[in-house]
Each structure stands twice: as C-alpha cells, then as structure tokens.
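This is start-v6.cif. It holds mmCIF, C-alpha atoms.
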data_final
loop_
_atom_site.label_atom_id
_atom_site.label_comp_id
_atom_site.auth_asym_id
_atom_site.auth_seq_id
_atom_site.Cartn_x
_atom_site.Cartn_y
_atom_site.Cartn_z
CA MET A 13 -23.02 0.66 -20.27
CA SER A 14 -24.61 -1.00 -23.29
CA PHE A 15 -23.44 -0.47 -26.87
CA GLY A 16 -25.26 2.41 -28.45
CA ALA A 17 -24.91 5.64 -30.41
CA ARG A 18 -22.92 7.38 -27.68
CA VAL A 19 -20.32 4.60 -27.61
CA LEU A 20 -19.96 4.74 -31.39
CA LYS A 21 -19.75 8.54 -31.41
CA THR A 22 -17.03 8.50 -28.76
CA GLY A 23 -14.90 6.34 -31.01
CA ILE A 24 -15.54 8.61 -34.01
CA ALA A 25 -14.76 11.73 -31.95
CA VAL A 26 -11.44 10.26 -30.77
CA THR A 27 -10.53 9.35 -34.36
CA LEU A 28 -11.39 12.84 -35.59
CA ALA A 29 -9.42 14.46 -32.76
CA LEU A 30 -6.34 12.38 -33.56
CA TYR A 31 -6.56 13.16 -37.28
CA LEU A 32 -7.02 16.90 -36.73
CA SER A 33 -4.16 16.99 -34.24
CA SER A 34 -1.81 15.23 -36.64
CA MET A 35 -2.82 17.44 -39.58
CA PHE A 36 -2.72 20.90 -37.99
CA LEU A 37 -0.67 20.70 -34.79
CA ASN A 38 1.75 17.92 -35.70
CA PRO A 39 2.36 16.95 -32.06
CA GLN A 40 4.67 14.19 -30.95
CA SER A 41 1.86 12.80 -28.84
CA PRO A 42 -1.81 13.62 -29.73
CA VAL A 43 -3.08 11.66 -26.73
CA PRO A 44 -4.42 14.79 -24.89
CA ALA A 45 -6.78 15.44 -27.81
CA ALA A 46 -8.12 11.88 -27.60
CA ILE A 47 -8.58 12.16 -23.82
CA ALA A 48 -10.43 15.46 -24.23
CA ALA A 49 -12.76 13.92 -26.84
CA ILE A 50 -13.62 11.07 -24.47
CA PHE A 51 -14.41 13.42 -21.59
CA ALA A 52 -16.40 15.85 -23.73
CA MET A 53 -18.94 13.38 -25.18
CA GLN A 54 -22.25 14.23 -23.46
CA PRO A 55 -25.73 12.61 -23.54
CA SER A 56 -27.61 15.67 -24.85
CA ILE A 57 -27.10 18.68 -27.14
CA TYR A 58 -27.56 21.14 -24.28
CA ARG A 59 -25.02 19.39 -22.08
CA SER A 60 -22.57 19.24 -24.97
CA TRP A 61 -22.85 22.97 -25.49
CA LYS A 62 -22.66 23.74 -21.76
CA TYR A 63 -19.69 21.43 -21.33
CA PHE A 64 -17.95 23.08 -24.30
CA LEU A 65 -18.35 26.57 -22.81
CA ASP A 66 -17.46 25.55 -19.25
CA GLN A 67 -14.48 23.47 -20.34
CA LEU A 68 -13.20 26.30 -22.50
CA GLN A 69 -13.15 28.61 -19.48
CA THR A 70 -11.68 26.19 -16.95
CA THR A 71 -9.08 24.81 -19.39
CA THR A 72 -7.94 28.33 -20.24
CA LEU A 73 -7.65 29.25 -16.56
CA GLY A 74 -5.99 25.94 -15.76
CA ALA A 75 -3.46 26.35 -18.55
CA ILE A 76 -2.54 29.87 -17.39
CA VAL A 77 -2.19 28.78 -13.76
CA ALA A 78 -0.17 25.72 -14.76
CA LEU A 79 2.12 27.80 -16.99
CA LEU A 80 2.77 30.33 -14.22
CA GLY A 81 3.20 27.56 -11.67
CA GLY A 82 5.70 25.81 -13.91
CA MET A 83 7.68 29.01 -14.31
CA VAL A 84 7.74 29.80 -10.59
CA LEU A 85 7.72 26.37 -8.92
CA SER A 86 9.09 24.12 -11.70
CA ASN A 87 7.64 20.61 -12.14
CA GLU A 88 8.46 19.17 -8.73
CA PRO A 89 5.75 16.74 -7.46
CA ILE A 90 4.81 18.96 -4.52
CA ALA A 91 4.46 21.95 -6.88
CA VAL A 92 2.19 19.98 -9.21
CA GLY A 93 0.06 18.94 -6.22
CA LEU A 94 -0.30 22.55 -5.04
CA ILE A 95 -1.33 23.75 -8.50
CA ILE A 96 -3.83 20.90 -8.78
CA VAL A 97 -5.44 21.96 -5.47
CA LEU A 98 -5.58 25.58 -6.62
CA VAL A 99 -7.19 24.70 -9.97
CA ILE A 100 -9.79 22.47 -8.28
CA MET A 101 -10.70 25.34 -5.94
CA ILE A 102 -11.11 27.69 -8.91
CA CYS A 103 -13.35 25.22 -10.79
CA LEU A 104 -15.54 24.66 -7.73
CA LYS A 105 -15.78 28.40 -7.10
CA LEU A 106 -17.02 28.85 -10.67
CA ASN A 107 -19.57 26.01 -10.21
CA MET A 108 -17.87 24.03 -12.97
CA GLY A 109 -17.01 20.88 -11.07
CA GLU A 110 -17.92 18.65 -14.02
CA THR A 111 -14.98 19.99 -16.01
CA VAL A 112 -12.38 19.37 -13.31
CA GLY A 113 -11.18 15.99 -14.65
CA LEU A 114 -10.12 17.16 -18.10
CA THR A 115 -8.79 20.47 -16.77
CA LEU A 116 -6.48 18.65 -14.38
CA VAL A 117 -5.17 16.44 -17.20
CA THR A 118 -4.28 19.64 -19.08
CA VAL A 119 -2.67 21.18 -15.99
CA VAL A 120 -0.46 18.16 -15.34
CA SER A 121 0.63 17.91 -18.98
CA ILE A 122 1.50 21.64 -19.11
CA MET A 123 3.45 21.64 -15.86
CA GLU A 124 5.51 18.79 -17.22
CA ALA A 125 7.29 21.38 -19.42
CA SER A 126 8.26 23.63 -16.47
CA GLY A 127 7.06 26.91 -17.93
CA ASP A 128 7.72 26.31 -21.64
CA TRP A 129 4.91 28.39 -23.15
CA HIS A 130 5.29 26.78 -26.61
CA PHE A 131 4.63 23.37 -25.09
CA ALA A 132 1.82 24.76 -22.93
CA LEU A 133 0.11 26.33 -25.96
CA ASN A 134 0.41 23.06 -27.88
CA ARG A 135 -1.19 21.06 -25.07
CA PHE A 136 -3.91 23.66 -24.67
CA LEU A 137 -4.76 23.53 -28.38
CA LEU A 138 -4.77 19.72 -28.31
CA THR A 139 -7.35 19.81 -25.55
CA LEU A 140 -9.51 22.25 -27.52
CA VAL A 141 -9.29 20.05 -30.62
CA GLY A 142 -10.60 17.10 -28.60
CA ILE A 143 -13.47 19.11 -27.09
CA VAL A 144 -14.51 20.60 -30.45
CA SER A 145 -14.31 17.18 -32.13
CA ALA A 146 -16.63 15.62 -29.55
CA PHE A 147 -19.06 18.54 -29.79
CA LEU A 148 -19.24 18.41 -33.59
CA ILE A 149 -19.68 14.64 -33.70
CA ASN A 150 -22.34 14.75 -31.00
CA ILE A 151 -24.53 17.25 -32.86
CA THR A 152 -24.03 15.83 -36.36
CA VAL A 153 -23.82 12.04 -36.00
CA PHE A 154 -26.98 10.52 -34.50
CA PRO A 155 -27.71 13.65 -32.43
CA PRO A 156 -29.20 12.80 -29.02
CA LYS A 157 -33.01 12.83 -28.97
CA PRO A 158 -33.93 11.83 -25.41
CA LYS A 159 -37.59 12.81 -25.83
CA ILE A 160 -38.12 10.48 -28.80
CA GLN A 161 -36.23 7.69 -27.04
CA PHE A 162 -38.36 8.23 -23.93
CA VAL A 163 -41.65 7.90 -25.81
CA LYS A 164 -40.51 4.76 -27.65
CA GLN A 165 -39.31 3.12 -24.44
CA ILE A 166 -42.48 3.77 -22.42
CA GLN A 167 -44.55 1.01 -24.06
CA SER A 168 -41.81 -1.62 -23.87
CA VAL A 169 -41.19 -0.89 -20.19
CA PHE A 170 -44.91 -1.12 -19.45
CA SER A 171 -45.14 -4.47 -21.28
CA GLY A 172 -42.39 -5.93 -19.11
CA MET A 173 -43.93 -4.51 -15.95
CA SER A 174 -47.44 -5.75 -16.73
CA LEU A 175 -46.16 -9.31 -17.13
CA LEU A 176 -44.52 -9.21 -13.71
CA LEU A 177 -47.56 -7.61 -12.05
CA ARG A 178 -49.95 -10.14 -13.55
CA THR A 179 -47.90 -13.07 -12.26
CA SER A 180 -46.73 -11.61 -8.93
CA ILE A 181 -49.77 -12.32 -6.75
CA SER A 182 -50.61 -15.62 -8.46
CA ASP A 183 -46.98 -16.70 -7.90
CA GLU A 184 -46.83 -18.32 -11.34
CA ILE A 185 -43.44 -16.99 -12.35
CA LYS A 186 -40.22 -18.58 -11.08
CA GLU A 187 -38.51 -16.62 -8.31
CA VAL A 188 -35.18 -16.45 -10.14
CA VAL A 189 -36.86 -15.19 -13.30
CA PHE A 190 -38.97 -12.71 -11.32
CA ARG A 191 -35.97 -11.17 -9.60
CA GLU A 192 -33.96 -10.97 -12.80
CA GLU A 193 -36.81 -9.37 -14.73
CA LYS A 194 -37.55 -7.02 -11.84
CA ASN A 195 -33.93 -5.86 -11.74
CA ASN A 196 -34.01 -5.28 -15.50
CA LEU A 197 -37.25 -3.35 -15.11
CA GLY A 198 -35.71 -1.17 -12.41
CA GLY A 199 -32.81 -0.36 -14.72
CA SER A 200 -35.19 0.49 -17.56
CA ILE A 201 -37.21 2.86 -15.37
CA LYS A 202 -33.97 4.49 -14.19
CA SER A 203 -33.01 4.92 -17.87
CA LEU A 204 -36.40 6.53 -18.56
CA SER A 205 -35.93 8.88 -15.62
CA ASP A 206 -32.51 9.93 -16.92
CA LYS A 207 -33.93 10.62 -20.40
CA TYR A 208 -36.76 12.66 -18.91
CA ASN A 209 -34.29 14.75 -16.92
CA LEU A 210 -32.24 15.35 -20.06
CA PHE A 211 -35.02 16.71 -22.27
CA GLU A 212 -36.55 18.63 -19.35
CA GLU A 213 -33.18 20.30 -18.88
CA GLU A 214 -32.93 21.08 -22.60
CA GLN A 215 -36.40 22.58 -22.70
CA LYS A 216 -35.78 24.80 -19.67
CA LYS A 217 -32.28 25.97 -20.61
CA MET A 218 -32.10 26.18 -24.39
CA LYS A 219 -35.37 27.84 -25.36
CA ARG A 220 -38.59 29.29 -24.07
CA SER A 221 -41.17 26.68 -23.28
CA LYS A 222 -44.38 26.90 -25.26
CA PHE A 223 -47.62 25.96 -23.59
CA SER A 224 -47.94 22.79 -25.67
CA GLU A 225 -44.40 21.74 -24.73
CA THR A 226 -45.04 22.42 -21.05
CA ARG A 227 -48.17 20.30 -21.27
CA GLN A 228 -46.14 17.50 -22.85
CA MET A 229 -43.69 17.63 -19.97
CA VAL A 230 -46.56 17.19 -17.51
CA VAL A 231 -47.78 14.17 -19.49
CA TYR A 232 -44.35 12.55 -19.70
CA LYS A 233 -43.71 13.13 -16.02
CA GLN A 234 -46.99 11.43 -15.13
CA MET A 235 -46.19 8.50 -17.44
CA LEU A 236 -42.89 8.04 -15.64
CA LEU A 237 -44.48 8.39 -12.20
CA SER A 238 -47.12 5.78 -13.07
CA LEU A 239 -44.43 3.27 -14.05
CA GLN A 240 -42.52 4.01 -10.85
CA LYS A 241 -45.66 3.37 -8.79
CA GLY A 242 -46.20 0.09 -10.61
CA PHE A 243 -42.64 -0.90 -9.77
CA ASP A 244 -43.34 0.02 -6.13
CA VAL A 245 -46.19 -2.51 -6.19
CA LEU A 246 -43.80 -5.22 -7.37
CA ASP A 247 -41.37 -4.25 -4.65
CA SER A 248 -44.01 -4.35 -1.92
CA VAL A 249 -45.35 -7.72 -3.13
CA GLU A 250 -41.87 -9.22 -3.05
CA ARG A 251 -41.06 -7.80 0.38
CA HIS A 252 -44.37 -8.22 2.22
CA TYR A 253 -47.14 -10.15 0.48
CA PHE A 254 -45.95 -13.73 0.80
CA GLN A 255 -44.76 -13.20 4.38
CA ALA A 256 -48.38 -12.73 5.52
CA GLN A 257 -51.00 -15.40 6.24
CA ARG A 258 -53.55 -15.33 3.45
CA THR A 259 -56.60 -17.20 2.27
CA PRO A 260 -57.31 -18.18 -1.35
CA GLU A 261 -60.13 -15.62 -1.33
CA MET A 262 -57.70 -12.88 -0.32
CA ASP A 263 -55.28 -13.88 -3.08
CA GLN A 264 -58.13 -13.69 -5.57
CA PHE A 265 -59.18 -10.31 -4.17
CA PHE A 266 -55.73 -8.78 -4.69
CA ASP A 267 -55.11 -10.49 -8.03
CA THR A 268 -58.45 -9.39 -9.53
CA HIS A 269 -57.97 -5.74 -8.64
CA LEU A 270 -54.37 -5.74 -9.80
CA GLU A 271 -55.50 -7.08 -13.19
CA LEU A 272 -58.05 -4.25 -13.35
CA VAL A 273 -55.38 -1.66 -12.59
CA ILE A 274 -53.00 -3.00 -15.25
CA LYS A 275 -55.77 -2.97 -17.86
CA PHE A 276 -56.60 0.64 -16.99
CA HIS A 277 -52.92 1.58 -17.35
CA GLU A 278 -52.83 -0.09 -20.76
CA HIS A 279 -55.93 1.78 -21.91
CA ALA A 280 -54.52 5.12 -20.74
CA LEU A 281 -51.35 4.61 -22.79
CA LEU A 282 -53.38 3.59 -25.83
CA LYS A 283 -55.37 6.82 -25.54
CA PHE A 284 -52.13 8.81 -25.78
CA GLU A 285 -51.42 6.93 -29.01
CA ASP A 286 -54.93 7.89 -30.17
CA LYS A 287 -55.95 4.23 -30.54
CA LEU A 288 -58.86 4.28 -28.09
CA LYS A 289 -61.88 6.54 -27.82
CA PRO A 290 -62.36 8.65 -24.68
CA ASN A 291 -64.38 6.68 -22.15
CA GLY A 292 -65.56 8.66 -19.16
CA GLU A 293 -67.61 5.76 -17.82
CA GLU A 294 -64.57 3.50 -17.62
CA ALA A 295 -62.62 6.15 -15.70
CA ALA A 296 -65.48 6.83 -13.27
CA GLN A 297 -65.96 3.11 -12.64
CA PHE A 298 -62.25 2.62 -12.07
CA ILE A 299 -62.17 5.37 -9.45
CA LEU A 300 -65.03 3.68 -7.61
CA ASP A 301 -63.39 0.26 -7.89
CA ASN A 302 -60.07 1.55 -6.62
CA ASP A 303 -61.68 3.25 -3.64
CA ARG A 304 -63.79 0.17 -2.93
CA PHE A 305 -60.69 -2.04 -3.07
CA MET A 306 -58.96 -0.02 -0.37
CA GLU A 307 -62.07 0.16 1.79
CA GLN A 308 -62.64 -3.59 1.58
CA ALA A 309 -58.96 -4.30 2.18
CA ILE A 310 -59.05 -2.26 5.38
CA SER A 311 -62.28 -3.80 6.58
CA GLN A 312 -61.09 -7.36 5.90
CA PHE A 313 -57.75 -6.99 7.67
CA ASP A 314 -57.60 -8.60 11.08
CA ILE A 315 -54.84 -6.83 13.01
CA ASN A 316 -54.60 -9.80 15.34
CA GLN A 317 -53.70 -12.10 12.46
CA GLU A 318 -50.01 -12.43 11.67
CA GLY A 319 -48.80 -10.41 8.70
CA MET A 320 -51.87 -8.23 8.22
CA LEU A 321 -49.87 -5.03 8.51
CA ARG A 322 -47.69 -6.28 5.67
CA LEU A 323 -50.76 -6.83 3.50
CA SER A 324 -51.88 -3.29 4.24
CA ILE A 325 -48.58 -2.03 2.77
CA VAL A 326 -49.25 -3.99 -0.43
CA ALA A 327 -52.84 -2.73 -0.62
CA ALA A 328 -51.70 0.87 -0.14
CA ALA A 329 -49.11 0.49 -2.92
CA ILE A 330 -51.73 -0.87 -5.33
CA TYR A 331 -54.18 1.90 -4.39
CA ASP A 332 -51.53 4.58 -4.93
CA TYR A 333 -50.65 3.04 -8.29
CA GLY A 334 -54.32 3.23 -9.27
CA TYR A 335 -54.58 6.81 -8.03
CA GLN A 336 -51.69 7.90 -10.26
CA LEU A 337 -53.32 6.11 -13.19
CA GLU A 338 -56.48 8.17 -12.63
CA ARG A 339 -54.38 11.30 -13.12
CA LEU A 340 -52.69 9.79 -16.19
CA ASN A 341 -56.05 8.97 -17.73
CA ARG A 342 -57.34 12.50 -17.10
CA LEU A 343 -54.31 13.85 -18.94
CA ALA A 344 -54.97 11.44 -21.81
CA GLU A 345 -58.58 12.61 -22.07
CA HIS A 346 -57.46 16.26 -21.94
CA VAL A 347 -54.82 15.80 -24.63
CA HIS A 348 -57.30 13.95 -26.85
CA SER A 349 -59.96 16.66 -26.47
CA ALA A 350 -57.39 19.41 -27.07
CA SER A 351 -56.27 17.62 -30.24
CA GLU A 352 -59.85 17.39 -31.48
CA ASP A 353 -60.38 21.10 -30.77
CA LYS A 354 -57.24 21.96 -32.71
CA ASP A 355 -58.39 19.83 -35.66
CA SER A 356 -61.77 21.55 -35.70
CA GLN A 357 -60.10 24.98 -35.50
CA ASP A 358 -57.80 24.06 -38.40
CA LYS A 359 -60.79 22.97 -40.48
CA ILE A 360 -62.57 26.28 -39.83
CA LEU A 361 -59.45 28.27 -40.73
CA ASN A 362 -59.00 26.29 -43.93
CA TRP A 363 -62.64 26.88 -44.83
CA LEU A 364 -62.26 30.63 -44.20
CA LYS A 365 -59.15 30.75 -46.39
CA TRP A 366 -60.90 28.95 -49.25
CA PRO A 367 -61.18 31.38 -52.25
#

What is this file in structure tokens?
Amino acid sequence: MSFGARVLKTGIAVTLALYLSSMFLNPQSPVPAAIAAIFAMQPSIYRSWKYFLDQLQTTTLGAIVALLGGMVLSNEPIAVGLIIVLVIMICLKLNMGETVGLTLVTVVSIMEASGDWHFALNRFLLTLVGIVSAFLINITVFPPKPKIQFVKQIQSVFSGMSLLLRTSISDEIKEVVFREEKNNLGGSIKSLSDKYNLFEEEQKKMKRSKFSETRQMVVYKQMLLSLQKGFDVLDSVERHYFQAQRTPEMDQFFDTHLELVIKFHEHALLKFEDKLKPNGEEAAQFILDNDRFMEQAISQFDINQEGMLRLSIVAAAIYDYGYQLERLNRLAEHVHSASEDKDSQDKILNWLKWP
C-alpha cells in the first residue's frame, strides 16, 4: 500500500472516533471505536454506504447473540468459540461476509462481560461511533473519485508501456530494468482495473445509468483492455521471442509493426482528449497493415526451424493488441462525432431561443 488519501483518511477517522467516544460515551477503553473506524474505511462512496448498512445489521445481530450467549454460557473460551461460529454462520447466510471481522471483534468484547447489558451496549455504541466516523470522513475529506483517477492514470500507464514495447524487440533496455518496469506496469494496470470496477459498481448500484454514462463505461473498458493486451505483448516477448532463432530481417519486421501499433494507440488516446482530428484513412490503413502483418508472419514461419511456434505466439499477441486498438479507435471516432453533433444541436437551440 502506498501513501495516499485513504491512508490519511483512516488516521483522521480513528482520531475522530476516539474523540467522539471520549466526549459522549466516556469509556475506559475507546479502542473498539478506533478498530471499527479502521475496518470501515472503504475505497468508494458506494462501498462505504453498503458497508455501513451491512455492518449495522451484523453488529446488531452479533451484539444480541453475544449478550445472550454471555448470559447463558458465561465467558468460557469454549462458549466464546461456539458463539463466534454461530455469528459467522449468520453473516454468511445474510451474504455479508465482508463485515465478519469487525462483528467478531464486537462479539468477543461483549462476551467478555458475561451478560452485562450495560457493558454490551457501551461496546455496541463504540463500534457504531467508529463506523459512522469512517463513513463521514470518507465522504467529506477527499471523497473517492475512482473515475477521475482512472482517466488521469491512463496516459501515464500508456507512456510507461510504450517505452517498454519500443525497446523490447530491439533489446536495447537492460534486462533488470525491463523486468522492474514491467512489474511496475503490471501493478499499475491492476490498479486501473480496480478503479474501473469501483466506478462501474457505483454506477450500477447507486443510480440509473444514462446512455452517455453507459457509453463512457464502454470506452473506459476498452481503454483498459487495450492496455492489458499491450502488456500481454510484453509478456509474450519476454517468454518466447528471444528463445527462438531469428534473422535481423525478422527482428526488423516485428519491431517496425510494433512501432506502428504503439503510434496508433497513442493517436487513439489523443482523439479521446480531442487533440487530433478524426482520420478514417489512418484507421483503414492500420487495419490492412495489421492483417498483412499476421499473414506475412504466418507465411514466413518455417515450422521446421527451432522456435518458430514461439514466434507465432508473439505475432498473435501483437495482432490481438492491434485488433483491440481498432475497436478503441472506432469508439474515439464515435465519441468525437457524437460530441460534434451535440455542439451543433446546442447551437441550433441557442439560436432558436434568441429573442
């Protein structure tokens, strides 16, 4: 975990929970509130709200079961273990497995008092204070905006990937540096995937999706898929390319087409930023070049030569990367044309409204 807003907010939420506990509940030990605040900090607004509701239910049930268990079975270790098993079963039955950890902390702390309902109520309220503190801090202090973070991160991830792709076939980059940068790139793409899943979840669960928002999701998903396919090319080059017997002409053949693919990817992203004009000729030529690359790669492979099957894996990965970029470019052209249509419609409406 790197230092970021969520780390800072967790610290603030714990501080707030401790202060509120000391001011209103005056407990001897406000630690349960701090623990609850740590557990309840979530990476998105929707998950914070869902966790708040789910935790409220499971903590209430857990507290009741623990209080009854303490009254009937006391606080013997075997009794605590049996109640823990029962509470876990209830949480799983309610499909609220994510809340089990904090609920069990509450159960154990309540059973410690052997049925003292005053103590149980105090511990229950401490847990609620921690959950509410985390929820309030999460939505007010640097509220999570995974969609904005996703869009900002796309270009930086592509820049790192393009450098590795451009130097992979030519073997210019040091192996140690290549592997380190490739591992970092894999982590960045995983981070992008997590952010995409977060705002996709928010859009589906928290509000009705408008057509424009659904179209954005399609675009973002294709952006992510294109980066993943580019990473697959790096992976296949590292695993298979240099283990095959190659000629300088074959190296040039792969390197030239890979440069073409990277440039097309760059242009597609620039179109989304509205920095390049639509260019149907470039897209049509790229489709032909990508198909021709695969056809020539197949025709040039000699199956009797050692390592040719490995080169076919690399060629297929590059072709698939290019194929996904064709789809990304079509989306860019569509978004650009839709934007122009909207601008023209707005101009007509403004003209009609003119007194």

Note to self: Please compute the CA of Lys159 in chain A-CA of Ala295 in chain A distance, one decimal, in Å.
What the structure shows: 27.8 Å

Compile a residue-level contact table for range 242-270 of chain A against range 232-237 of chain A at a cut-off of 12 Å, reporting for every qualifying residue the shortest atom pair and its distance in Å to one decimal, with all atoms listed in the file counted, rows ordered by chain and ascending number, as a tab-separated table.
residue	atom	partner	partner_atom	distance
A:Gly242	CA	A:Leu237	CA	8.6
A:Phe243	CA	A:Leu237	CA	9.8
A:Asp244	CA	A:Leu237	CA	10.4

Check: For Phe131 in chain A, which residue among A:Asn195, A:Thr118, A:Gln69, A:Ser203 is the nearest when counting all atoms listed in the file?
Finding: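 Ranking A:Asn195, A:Thr118, A:Gln69, A:Ser203 by distance to Phe131 in chain A, first place goes to A:Thr118.
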
Checklist line | From A:Asn150, A:Ser311, A:Ser182, A:Ser200, residue lying nearest Pro260 in chain A [all atoms listed in the file] | finding: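 Distance minimum relative to Pro260 in chain A lands on A:Ser182.
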
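One distance worth recording is that between CA of Glu187 in chain A and CA of Arg251 in chain A, which is 12.6 Å.
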
Checklist line | Given the PyMOL selection byres ((chain A and resi 325-330) around 8), the residues it picks as number ranges by chain | finding: A: 241-242, 244-245, 248-249, 252-253, 266, 270, 306, 309, 321-324, 331-334

Next item on the list: Please provide as a VMD selection string all residues within 10 Å of Arg339 in chain A, with the sequence filter that same-chain residues fewer than 4 positions apart are discarded (counting only C-alpha atoms).
Entry: chain A and resid 231 234 to 235 238 280 334 to 335 343 to 345

Checklist line | All residues 12 Å or closer to Phe284 in chain A, only C-alpha atoms, same chain fewer than 5 positions away omitted, as JSON, numbers by chain | finding: {"A": [163, 166, 167, 228, 231, 232, 235, 277, 278, 279, 289, 290, 340, 341, 342, 343, 344, 345, 346, 347, 348, 349, 350, 351]}

Margin query: As a check of understanding, name the residues that the PyMOL selection byres ((chain A and resi 81) around 10) selects in the supplied structure, as a ChimeraX atom specification.
Written below: /A:75-80,82-87,91-92,94-95,119,122-123,126-127

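Shortest separation to Leu282 in chain A among A:Ser180, A:Phe170, A:Phe162, A:Phe154 occurs at residue A:Phe170, atoms counted being all atoms listed in the file.
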
Using all atoms listed in the file, which residues of range 148-228 of chain A come within 10 Å of range 14-35 of chain A, and what is the closest atom pair for each, with the distance in Å to one decimal? Give it as a Markdown table, sorted by chain and residue number.
| residue | atom | partner | partner_atom | distance |
| --- | --- | --- | --- | --- |
| A:Leu148 | CA | A:Ala25 | CA | 8.2 |
| A:Ile149 | CA | A:Ala25 | CA | 6.0 |
| A:Asn150 | CA | A:Lys21 | CA | 6.7 |
| A:Thr152 | CA | A:Lys21 | CA | 9.8 |
| A:Val153 | CA | A:Lys21 | CA | 7.1 |
| A:Phe154 | CA | A:Ala17 | CA | 6.7 |
| A:Pro155 | CA | A:Ala17 | CA | 8.7 |
| A:Pro156 | CA | A:Arg18 | CA | 8.4 |

Check: What would the list of residues within 10 Å of (-2.6, 20.4, -31.2) (file frame) look like as number ranges by chain, if all atoms listed in the file are what count?
Finding: A: 29-30, 32-45, 131, 133-142
